[in-house]
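Colleague: Can you keep this structure in mind? I'll have questions shortly.
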Amino acid sequence: MISDIENLGLNDIKKVYHNLSYDELFNHEVKNGEGRVSSNGTFMVDTGVFTGRSPKDKYFVKQDPSGKFIAWGKVNKPISKELFDKLLSKAKAQLSGKEIYVQDAFCGASAKSKKSVRFVTEVAWQAHFVKNMFIRPNDNELANFKSDFVVFNACKCVNDEWQKDGLNSEVFVIFNVEENVAVIGGTWYGGEMKKGIFSMMNYWLPLEGKLSMHCSANVGKDGDTALFFGLSGTGKTTLSTDPHRKLIGDDEHGWDDEGVFNFEGGCYAKCINLDSESEPEIYNAIRRDALLENVVADANGVVDYKDGSKTENTRVSYPIEHIDNHEPSLSAPHPKNIIFLTADAFGVLPPVAKLTKEQAMYYFLSGYTAKVAGTERGITEPVATFSACFGEPFMPLHPTAYAKLLGEKIDKHGVSVYLVNTGWSGGAYGVGKRMSIKATRACINAILDGSIKNCEFENFDKFNLAIPKELSGVETRLLNPINTWANSDEYIAQRDKLASMFSENFKRYEDVKEGVEFAKAGPKL
């Protein structure tokens, strides 16, 4: 029983399961019938209607002082204190009178920057999820644990009065910065808890002069740290999981005066089309204590990772210890290289390009990738996606606040920055072929071992990027995309079209001094 359970404001709690072990959580999941066990002992759950986040249902309470810093708009939507109190009470009523699970964890491996977070839920697998995803305190830390922030996950509760309340739907994910409380209702998707705390770190850290980043990170034997920025599906998790380098983390990091540190204690990897040959580290991490989401398995519990009939966003969360070659401290020195990953479905961008600092700021603020035809209803050709800082849905402050911090750190620590396209070549999606993981790995390896700096570079037209003429392990014709298209005129038309999309997107920064400055580093129309 938790000594300060009364502070949670719940009534008639039947029993509190506080910081259960993995085995205890597994037994509760099985007993409660919350899912199935796969053939290799991994617990499998379905997250219901929501197999991904519900960004249109996320809100921040609008009040001072946080209201002065938050960039209000489509991403950060305001909600009144009165409505928050109403929905928090509704969520607490749902959790009252039940057996509940309370899991305590840290976000941030840096002693100077970490936050203590308490998660409250009535579903065992959700306690399991946050145990996987956040940093697990030791026994002494748990004995003295005091939460900085509390998340009430009442996923079984919905807001029937959402239309009257002027909200998007019956689902709600709300953050109160002043009271250090979040409340979730109507969605079972575990990623809401993970990304919710990430959003809070993205609020807290920059105000302390520390950079929060949506990126993966690894480190070589000589302490050479690399950061990998990229939106979902660009290879951020896959490419940072390298048998020759220690994994710091696959998704969320901070960068302070001492170096880089992971926010999390686990990984949340996509499973669609996962196989043991191309991604052995991730494949082998799926075992007891991991948690599979929305995968399809036969009657014997054998998972078919190619089956996306429930969702293309099949996932697995696992403690980072499941990756043999991880960095136990979850931290590393200041980065030597930064890599921006994009999956360009237009077949325009080169497999690798070297960026100036100004170009780095431009592509960081652009945060480009592309959705491919068939992934969403109505999409018949590639659709450009721009997400500022490669994580705009989780950024409470204005994007330029993060860009300025990144630029300062690039200057101070002499970091090299590269753009790597993991998308299509030889034509757009449906015509061309996706870059092979082998070719992309060769580009990444050349960056990490420094050999790319010995290359002779040429200018990539329109975008004015420096691209290597030759690179070990990469077929030479692939390095300049125009050489891979059957019709060069069609390529030029597609290239110019994408350049215009970049330019149009960057107009959003026209009223900001830094935006006008960095726009000069974009494509020349």
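Chains: A, B, ... in order of the structure tokens. Residues: from 1 per chain. Ligands: from 1, in order shown.
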Got a sec to tell me which of region 355-501 of chain A DSSP assigns to strand (DSSP E or B), as a list in words?
Modeller: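 Going through region 355-501 of chain A, the strand (DSSP E or B) residues come out as Leu355, Tyr368, Thr369, Ala370, Lys371, Val383, Ala384, Thr385, Phe386, Ser416, Val417, Tyr418, Leu419, Val420, Asn421, Trp424, Ser425, Lys433, Arg434, Phe457, Glu458, Asn459, Phe460, Leu465, Ala466, Ile467, Pro468, Leu471 and Val474 of chain A.
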Colleague: Run DSSP on the backbone of this structure and report the residues of region 129-355 of chain A it assigns to alpha helix (DSSP H), as a ChimeraX atom specification.
Modeller: /A:129-133,139-143,162-165,191-204,236-240,280-285
Colleague: Using only C-alpha atoms, find the one residue out of A:Ile323, A:Ile338, A:Leu405, A:Ile482 that sits nearest to Glu279 (chain A).
Modeller: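 The shortest atom-to-atom distance to Glu279 (chain A) comes from A:Ile323.
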Colleague: Set the distance at 6 Å and use only C-alpha atoms: which residues neighbour region 20-36 of chain A once local chain neighbours fewer than 4 positions away are removed? I'd like the list as a short mmCIF file (atom, residue, chain, number, x, y, z; two decimals) with N, CA, C and O atoms, in the first residue's frame.
Modeller:
data_model
loop_
_atom_site.label_atom_id
_atom_site.label_comp_id
_atom_site.auth_asym_id
_atom_site.auth_seq_id
_atom_site.Cartn_x
_atom_site.Cartn_y
_atom_site.Cartn_z
N PHE A 43 4.06 -10.94 -23.62
CA PHE A 43 2.64 -10.64 -23.49
C PHE A 43 2.21 -9.73 -24.63
O PHE A 43 2.92 -8.80 -25.02
N MET A 44 1.02 -10.01 -25.20
CA MET A 44 0.49 -9.28 -26.34
C MET A 44 -0.83 -8.64 -25.96
O MET A 44 -1.70 -9.30 -25.38
N VAL A 45 -1.00 -7.35 -26.29
CA VAL A 45 -2.24 -6.65 -26.00
C VAL A 45 -2.75 -5.94 -27.24
O VAL A 45 -1.99 -5.65 -28.17
N ALA A 124 -3.24 -3.46 -15.72
CA ALA A 124 -1.89 -3.93 -15.40
C ALA A 124 -0.92 -3.71 -16.54
O ALA A 124 0.24 -3.32 -16.32
#
Colleague: To one decimal place, how far is CA of Gly52 (chain A) from CA of Leu397 (chain A) in Å?
Modeller: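 Distance between the two atoms: 23.1 Å.
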Colleague: Which residues are close to Thr440 (chain A), i.e. within 10 Å by only C-alpha atoms, leaving aside same-chain residues fewer than 3 positions away? Reply as a list of chain:residue names.
Modeller: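 The contact residues come out as A:Gly235, A:Leu239, A:Pro351, A:Val352, A:Val420, A:Asn421, A:Thr422, A:Gly423, A:Met435, A:Ser436, A:Ile437, A:Cys443, A:Ile444, A:Asn445, A:Ala446, A:Gly473, A:Val474.
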Colleague: Which residues, written as a VMD selection string, have at least one atom at most 7 Å from region 206-220 of chain A, with only C-alpha atoms counted and residues fewer than 3 positions away on the same chain left out?
Modeller: chain A and resid 201 to 203 223 to 230 236 to 237 240 245 to 256 332 390 to 391 402 405 to 406
Colleague: Store the residues picked out above, limited to N, CA and C atoms, as an mmCIF file, in the first residue's frame.
Modeller:
data_model
loop_
_atom_site.group_PDB
_atom_site.id
_atom_site.type_symbol
_atom_site.label_atom_id
_atom_site.label_comp_id
_atom_site.auth_asym_id
_atom_site.auth_seq_id
_atom_site.Cartn_x
_atom_site.Cartn_y
_atom_site.Cartn_z
ATOM 1 N N MET A 201 8.721 17.309 -20.602
ATOM 2 C CA MET A 201 10.175 17.553 -20.599
ATOM 3 C C MET A 201 10.530 18.640 -21.614
ATOM 4 N N ASN A 202 9.785 18.653 -22.740
ATOM 5 C CA ASN A 202 10.007 19.672 -23.760
ATOM 6 C C ASN A 202 9.552 21.049 -23.296
ATOM 7 N N TYR A 203 8.771 21.093 -22.248
ATOM 8 C CA TYR A 203 8.414 22.367 -21.630
ATOM 9 C C TYR A 203 9.449 22.757 -20.584
ATOM 10 N N GLY A 223 33.940 7.208 -27.445
ATOM 11 C CA GLY A 223 33.118 8.262 -26.864
ATOM 12 C C GLY A 223 32.540 9.219 -27.881
ATOM 13 N N ASP A 224 32.499 8.805 -29.151
ATOM 14 C CA ASP A 224 31.956 9.651 -30.209
ATOM 15 C C ASP A 224 30.440 9.435 -30.306
ATOM 16 N N THR A 225 29.699 10.377 -29.777
ATOM 17 C CA THR A 225 28.240 10.273 -29.717
ATOM 18 C C THR A 225 27.610 10.733 -31.025
ATOM 19 N N ALA A 226 26.542 10.044 -31.435
ATOM 20 C CA ALA A 226 25.781 10.436 -32.622
ATOM 21 C C ALA A 226 24.305 10.536 -32.261
ATOM 22 N N LEU A 227 23.653 11.559 -32.816
ATOM 23 C CA LEU A 227 22.216 11.744 -32.633
ATOM 24 C C LEU A 227 21.511 11.499 -33.959
ATOM 25 N N PHE A 228 20.351 10.826 -33.902
ATOM 26 C CA PHE A 228 19.570 10.520 -35.097
ATOM 27 C C PHE A 228 18.172 11.117 -34.925
ATOM 28 N N PHE A 229 17.900 12.207 -35.659
ATOM 29 C CA PHE A 229 16.573 12.816 -35.637
ATOM 30 C C PHE A 229 15.753 12.250 -36.790
ATOM 31 N N GLY A 230 14.456 12.074 -36.568
ATOM 32 C CA GLY A 230 13.610 11.609 -37.654
ATOM 33 C C GLY A 230 12.209 11.328 -37.183
ATOM 34 N N LYS A 236 14.808 5.734 -37.336
ATOM 35 C CA LYS A 236 15.487 6.274 -36.157
ATOM 36 C C LYS A 236 15.892 5.168 -35.184
ATOM 37 N N THR A 237 14.957 4.256 -34.905
ATOM 38 C CA THR A 237 15.252 3.157 -33.978
ATOM 39 C C THR A 237 16.196 2.145 -34.616
ATOM 40 N N SER A 240 19.952 3.469 -35.112
ATOM 41 C CA SER A 240 20.721 3.738 -33.897
ATOM 42 C C SER A 240 21.027 2.450 -33.137
ATOM 43 N N ARG A 245 28.120 -0.178 -31.781
ATOM 44 C CA ARG A 245 28.041 1.039 -30.973
ATOM 45 C C ARG A 245 27.026 0.830 -29.852
ATOM 46 N N LYS A 246 27.271 1.439 -28.724
ATOM 47 C CA LYS A 246 26.360 1.281 -27.597
ATOM 48 C C LYS A 246 25.147 2.202 -27.760
ATOM 49 N N LEU A 247 23.975 1.621 -27.556
ATOM 50 C CA LEU A 247 22.736 2.384 -27.655
ATOM 51 C C LEU A 247 22.516 3.187 -26.377
ATOM 52 N N ILE A 248 22.324 4.491 -26.532
ATOM 53 C CA ILE A 248 21.953 5.338 -25.396
ATOM 54 C C ILE A 248 20.439 5.333 -25.258
ATOM 55 N N GLY A 249 19.741 5.463 -26.373
ATOM 56 C CA GLY A 249 18.286 5.419 -26.386
ATOM 57 C C GLY A 249 17.762 5.582 -27.793
ATOM 58 N N ASP A 250 16.487 5.226 -28.011
ATOM 59 C CA ASP A 250 15.981 5.190 -29.384
ATOM 60 C C ASP A 250 14.981 6.292 -29.721
ATOM 61 N N ASP A 251 14.706 7.235 -28.768
ATOM 62 C CA ASP A 251 13.628 8.165 -29.102
ATOM 63 C C ASP A 251 13.696 9.544 -28.460
ATOM 64 N N GLU A 252 14.038 9.655 -27.188
ATOM 65 C CA GLU A 252 13.915 10.937 -26.496
ATOM 66 C C GLU A 252 15.163 11.210 -25.654
ATOM 67 N N HIS A 253 15.760 12.383 -25.868
ATOM 68 C CA HIS A 253 16.995 12.709 -25.155
ATOM 69 C C HIS A 253 17.053 14.176 -24.751
ATOM 70 N N GLY A 254 17.919 14.444 -23.789
ATOM 71 C CA GLY A 254 18.243 15.805 -23.398
ATOM 72 C C GLY A 254 19.713 16.064 -23.665
ATOM 73 N N TRP A 255 20.051 17.353 -23.789
ATOM 74 C CA TRP A 255 21.447 17.751 -24.026
ATOM 75 C C TRP A 255 21.725 18.958 -23.150
ATOM 76 N N ASP A 256 22.544 18.737 -22.121
ATOM 77 C CA ASP A 256 22.882 19.825 -21.203
ATOM 78 C C ASP A 256 24.380 20.096 -21.241
ATOM 79 N N ALA A 332 26.052 10.044 -22.458
ATOM 80 C CA ALA A 332 27.281 10.027 -23.255
ATOM 81 C C ALA A 332 27.789 11.458 -23.418
ATOM 82 N N PHE A 390 11.413 17.828 -35.852
ATOM 83 C CA PHE A 390 11.171 16.384 -35.963
ATOM 84 C C PHE A 390 10.328 15.865 -34.794
ATOM 85 N N GLY A 391 9.454 16.725 -34.279
ATOM 86 C CA GLY A 391 8.611 16.282 -33.167
ATOM 87 C C GLY A 391 7.612 17.333 -32.739
ATOM 88 N N TYR A 402 13.695 25.736 -29.648
ATOM 89 C CA TYR A 402 14.532 24.533 -29.707
ATOM 90 C C TYR A 402 15.643 24.693 -30.743
ATOM 91 N N LEU A 405 18.572 26.744 -29.387
ATOM 92 C CA LEU A 405 19.397 25.944 -28.477
ATOM 93 C C LEU A 405 20.274 24.969 -29.255
ATOM 94 N N LEU A 406 19.704 24.336 -30.290
ATOM 95 C CA LEU A 406 20.486 23.399 -31.099
ATOM 96 C C LEU A 406 21.631 24.123 -31.796
#
